[in-house]
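To start, the structure itself, in structure tokens.
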Amino acid sequence: MEASDDTEEPPLPLALTSFQVSEEFGFLLPDPLTELPAPYGPWMDIAHELPQLITSHQLRSRVHQMPQLSTQHLRGCEELHLAHLVLSFITMGYVWQEGEEGTVQVLPRNLAVPYWEVSQALGLPPILSHADFVLANWRRKDPDGPLEIENLDTIITLPGGESLRGFILVTLLVEKAAVPGIKVVIRALGAILQGDEETLHSALEELAGAIEAMSEALRRMHDYVDPEVFYAVIRIFLSGWKDNPAMPRGLIYEGVSPEPLAFSGGSAAQSTVLHAFDELLGICHREDSAAFLHRMRDYMPTPHRAFVEEIQRAVSLKQHVLCSGDARLRAAFNRCVSALTDFRSYHITIATKYIAIAAAKAKAGRAEPSARAGPSAGKPPSALEAKGTGGSHIFSFLKSIRDTTRAGMISA
């Protein structure tokens, strides 16, 4: 988006475009590329066949036959993001093809070296993260159609069928619902500097509305994602090799490092949206939870991380509202905090259904002799029963950040 030419607008402290944030799409990559240049055909061929290659246990042998390609022909952020998406999905499939009992210790050079180079160029870690899985992994079926789930599809996929597609696209809709709130962050900080209480009040009301819309979008998870498929098939492919008992030593990236490297798996905590809202609203999390959230920032695109840090350094909204003594401002601020608390409560509801209840069912079914091996056959993983794919103890973490969010309310 071009900067506004309207000279009557007061100068704002931040501009979204400086942080690769889109006025239309927020942190989503605007209309991502779906094909890499011709030299990268071998990567794309494997990526487009991933579910079949994994379920037939042929992915590892296909990767071993893959030529080692130079990354020098990749041009610009969009090609790099697609390359990272493709190599991330291939890597997760390669590592977890045989489930948590058949992991590998080495990522072969022909995959590890280009993956490392692309990761370095983007400032992202060499593992599947929220930035790949959701932000860069979408396309419109009808290019002129709306950004609605019926008109959306993923670019690259893994085993999990319609449930995986639903999981990615519902998460994308949560990101899309946040966009008005992301734009409001800039307006709110500008209004504080200008002493414009009216603009600040309307900005806070709009932010609350955006967070409420995020909760509405999240509710659609029930319509599109089967809990048993999520738990038994999808979840393992989002798991990393840090704080994971199934891969306690990490993973050697051949040709990159002789020592194993450890990275966390994909996690909603890697979404920049809630970090930005927390910083704006002055939410202070407990030390252990804050440390995990801070570590998850390393899994965000570098400009998005810089955006959060800029809000952290900016003038304090909460302090301004407290000092103003304005009851309307306080009510609008509290509506934002309340909406964020409700969103986090609902996230606990989702996690309970898709992890805790699904884990209990899987445990009950594990004794059945018909259980077949490998994630593709639906043998549920056990290493992360009490943990999120990012490696956190999921329920204590989610409840902790919900409770500290609620504590951020300003009392009358």
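So you can find residues: chains in the structure tokens are A, B, ... in the order shown, residues in each start at 1, and ligands are numbered from 1 in order.
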
Just asking: which residues within segment 44-205 of chain A are alpha helix (DSSP H) according to DSSP, as a PyMOL selection string?
chain A and resi 44-48+50-55+59-65+76-96+109-122+130+161-177+179-194+197-205

Could you tell me, as a PDB file with all heavy atoms, in the first residue's frame, which residues of segment 104-260 of chain A DSSP assigns to strand (DSSP E) when given the backbone?
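Result file follows (part.pdb):
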ATOM      1  N   VAL A 106      19.093 -36.983  11.038  1.00  0.00           N
ATOM      2  CA  VAL A 106      19.795 -36.124  10.074  1.00  0.00           C
ATOM      3  C   VAL A 106      18.852 -35.707   8.962  1.00  0.00           C
ATOM      4  O   VAL A 106      18.146 -36.546   8.386  1.00  0.00           O
ATOM      5  CB  VAL A 106      21.017 -36.869   9.473  1.00  0.00           C
ATOM      6  CG1 VAL A 106      21.731 -35.985   8.451  1.00  0.00           C
ATOM      7  CG2 VAL A 106      21.977 -37.313  10.559  1.00  0.00           C
ATOM      8  N   LEU A 107      18.818 -34.412   8.668  1.00  0.00           N
ATOM      9  CA  LEU A 107      18.122 -33.901   7.489  1.00  0.00           C
ATOM     10  C   LEU A 107      19.160 -33.864   6.367  1.00  0.00           C
ATOM     11  O   LEU A 107      20.201 -33.210   6.518  1.00  0.00           O
ATOM     12  CB  LEU A 107      17.571 -32.502   7.766  1.00  0.00           C
ATOM     13  CG  LEU A 107      16.505 -31.981   6.798  1.00  0.00           C
ATOM     14  CD1 LEU A 107      15.228 -32.804   6.902  1.00  0.00           C
ATOM     15  CD2 LEU A 107      16.209 -30.508   7.063  1.00  0.00           C
ATOM     16  N   ARG A 139      -4.477 -19.400  -1.190  1.00  0.00           N
ATOM     17  CA  ARG A 139      -4.755 -18.855  -2.530  1.00  0.00           C
ATOM     18  C   ARG A 139      -6.264 -18.789  -2.715  1.00  0.00           C
ATOM     19  O   ARG A 139      -7.019 -19.547  -2.094  1.00  0.00           O
ATOM     20  CB  ARG A 139      -4.125 -19.723  -3.619  1.00  0.00           C
ATOM     21  CG  ARG A 139      -4.648 -21.136  -3.686  1.00  0.00           C
ATOM     22  CD  ARG A 139      -4.035 -21.931  -4.824  1.00  0.00           C
ATOM     23  NE  ARG A 139      -4.632 -23.264  -4.911  1.00  0.00           N
ATOM     24  CZ  ARG A 139      -5.776 -23.523  -5.539  1.00  0.00           C
ATOM     25  NH1 ARG A 139      -6.465 -22.547  -6.126  1.00  0.00           N
ATOM     26  NH2 ARG A 139      -6.250 -24.758  -5.573  1.00  0.00           N
ATOM     27  N   ARG A 140      -6.672 -17.869  -3.554  1.00  0.00           N
ATOM     28  CA  ARG A 140      -8.093 -17.795  -3.900  1.00  0.00           C
ATOM     29  C   ARG A 140      -8.370 -18.779  -5.037  1.00  0.00           C
ATOM     30  O   ARG A 140      -7.602 -18.865  -5.984  1.00  0.00           O
ATOM     31  CB  ARG A 140      -8.442 -16.389  -4.380  1.00  0.00           C
ATOM     32  CG  ARG A 140      -8.519 -15.325  -3.307  1.00  0.00           C
ATOM     33  CD  ARG A 140      -8.883 -14.011  -3.991  1.00  0.00           C
ATOM     34  NE  ARG A 140      -9.239 -12.954  -3.062  1.00  0.00           N
ATOM     35  CZ  ARG A 140      -8.406 -12.001  -2.668  1.00  0.00           C
ATOM     36  NH1 ARG A 140      -7.159 -11.994  -3.099  1.00  0.00           N
ATOM     37  NH2 ARG A 140      -8.816 -11.056  -1.852  1.00  0.00           N
ATOM     38  N   LEU A 152     -11.331 -20.229  -0.773  1.00  0.00           N
ATOM     39  CA  LEU A 152      -9.917 -20.327  -0.409  1.00  0.00           C
ATOM     40  C   LEU A 152      -9.426 -21.764  -0.460  1.00  0.00           C
ATOM     41  O   LEU A 152     -10.200 -22.704  -0.273  1.00  0.00           O
ATOM     42  CB  LEU A 152      -9.694 -19.784   1.007  1.00  0.00           C
ATOM     43  CG  LEU A 152      -9.850 -18.274   1.192  1.00  0.00           C
ATOM     44  CD1 LEU A 152      -9.852 -17.936   2.679  1.00  0.00           C
ATOM     45  CD2 LEU A 152      -8.736 -17.519   0.488  1.00  0.00           C
ATOM     46  N   ASP A 153      -8.150 -21.910  -0.697  1.00  0.00           N
ATOM     47  CA  ASP A 153      -7.505 -23.211  -0.593  1.00  0.00           C
ATOM     48  C   ASP A 153      -6.070 -23.005  -0.132  1.00  0.00           C
ATOM     49  O   ASP A 153      -5.555 -21.880  -0.177  1.00  0.00           O
ATOM     50  CB  ASP A 153      -7.534 -23.948  -1.943  1.00  0.00           C
ATOM     51  CG  ASP A 153      -7.557 -25.460  -1.753  1.00  0.00           C
ATOM     52  OD1 ASP A 153      -7.294 -25.931  -0.618  1.00  0.00           O
ATOM     53  OD2 ASP A 153      -7.832 -26.182  -2.730  1.00  0.00           O
ATOM     54  N   ILE A 252      20.154 -32.913  13.095  1.00  0.00           N
ATOM     55  CA  ILE A 252      21.358 -32.441  12.401  1.00  0.00           C
ATOM     56  C   ILE A 252      20.968 -31.988  10.995  1.00  0.00           C
ATOM     57  O   ILE A 252      20.357 -32.748  10.236  1.00  0.00           O
ATOM     58  CB  ILE A 252      22.427 -33.552  12.329  1.00  0.00           C
ATOM     59  CG1 ILE A 252      22.983 -33.835  13.727  1.00  0.00           C
ATOM     60  CG2 ILE A 252      23.568 -33.156  11.383  1.00  0.00           C
ATOM     61  CD1 ILE A 252      23.903 -35.043  13.808  1.00  0.00           C
ATOM     62  N   TYR A 253      21.287 -30.743  10.671  1.00  0.00           N
ATOM     63  CA  TYR A 253      21.079 -30.222   9.316  1.00  0.00           C
ATOM     64  C   TYR A 253      22.398 -30.443   8.572  1.00  0.00           C
ATOM     65  O   TYR A 253      23.340 -29.680   8.725  1.00  0.00           O
ATOM     66  CB  TYR A 253      20.708 -28.737   9.371  1.00  0.00           C
ATOM     67  CG  TYR A 253      19.315 -28.447   9.916  1.00  0.00           C
ATOM     68  CD1 TYR A 253      19.009 -28.645  11.260  1.00  0.00           C
ATOM     69  CD2 TYR A 253      18.307 -27.963   9.082  1.00  0.00           C
ATOM     70  CE1 TYR A 253      17.744 -28.372  11.764  1.00  0.00           C
ATOM     71  CE2 TYR A 253      17.037 -27.684   9.574  1.00  0.00           C
ATOM     72  CZ  TYR A 253      16.763 -27.896  10.920  1.00  0.00           C
ATOM     73  OH  TYR A 253      15.504 -27.628  11.411  1.00  0.00           O
TER      74      TYR A 253
END

Name all residues at most 10 Å from segment 255-257 of chain A (count only C-alpha atoms; drop same-chain ones fewer than 5 positions away) and give them as an MDAnalysis selection string.
chainID A and resid 107:117

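Interatomic distance, atom CA of Cys336 of chain A against atom CA of Gly195 of chain A: 20.1 Å.
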
Coordinates-based distance that separates atom CA of Leu164 of chain A from atom CA of Glu148 of chain A (Å, one decimal)
16.5 Å
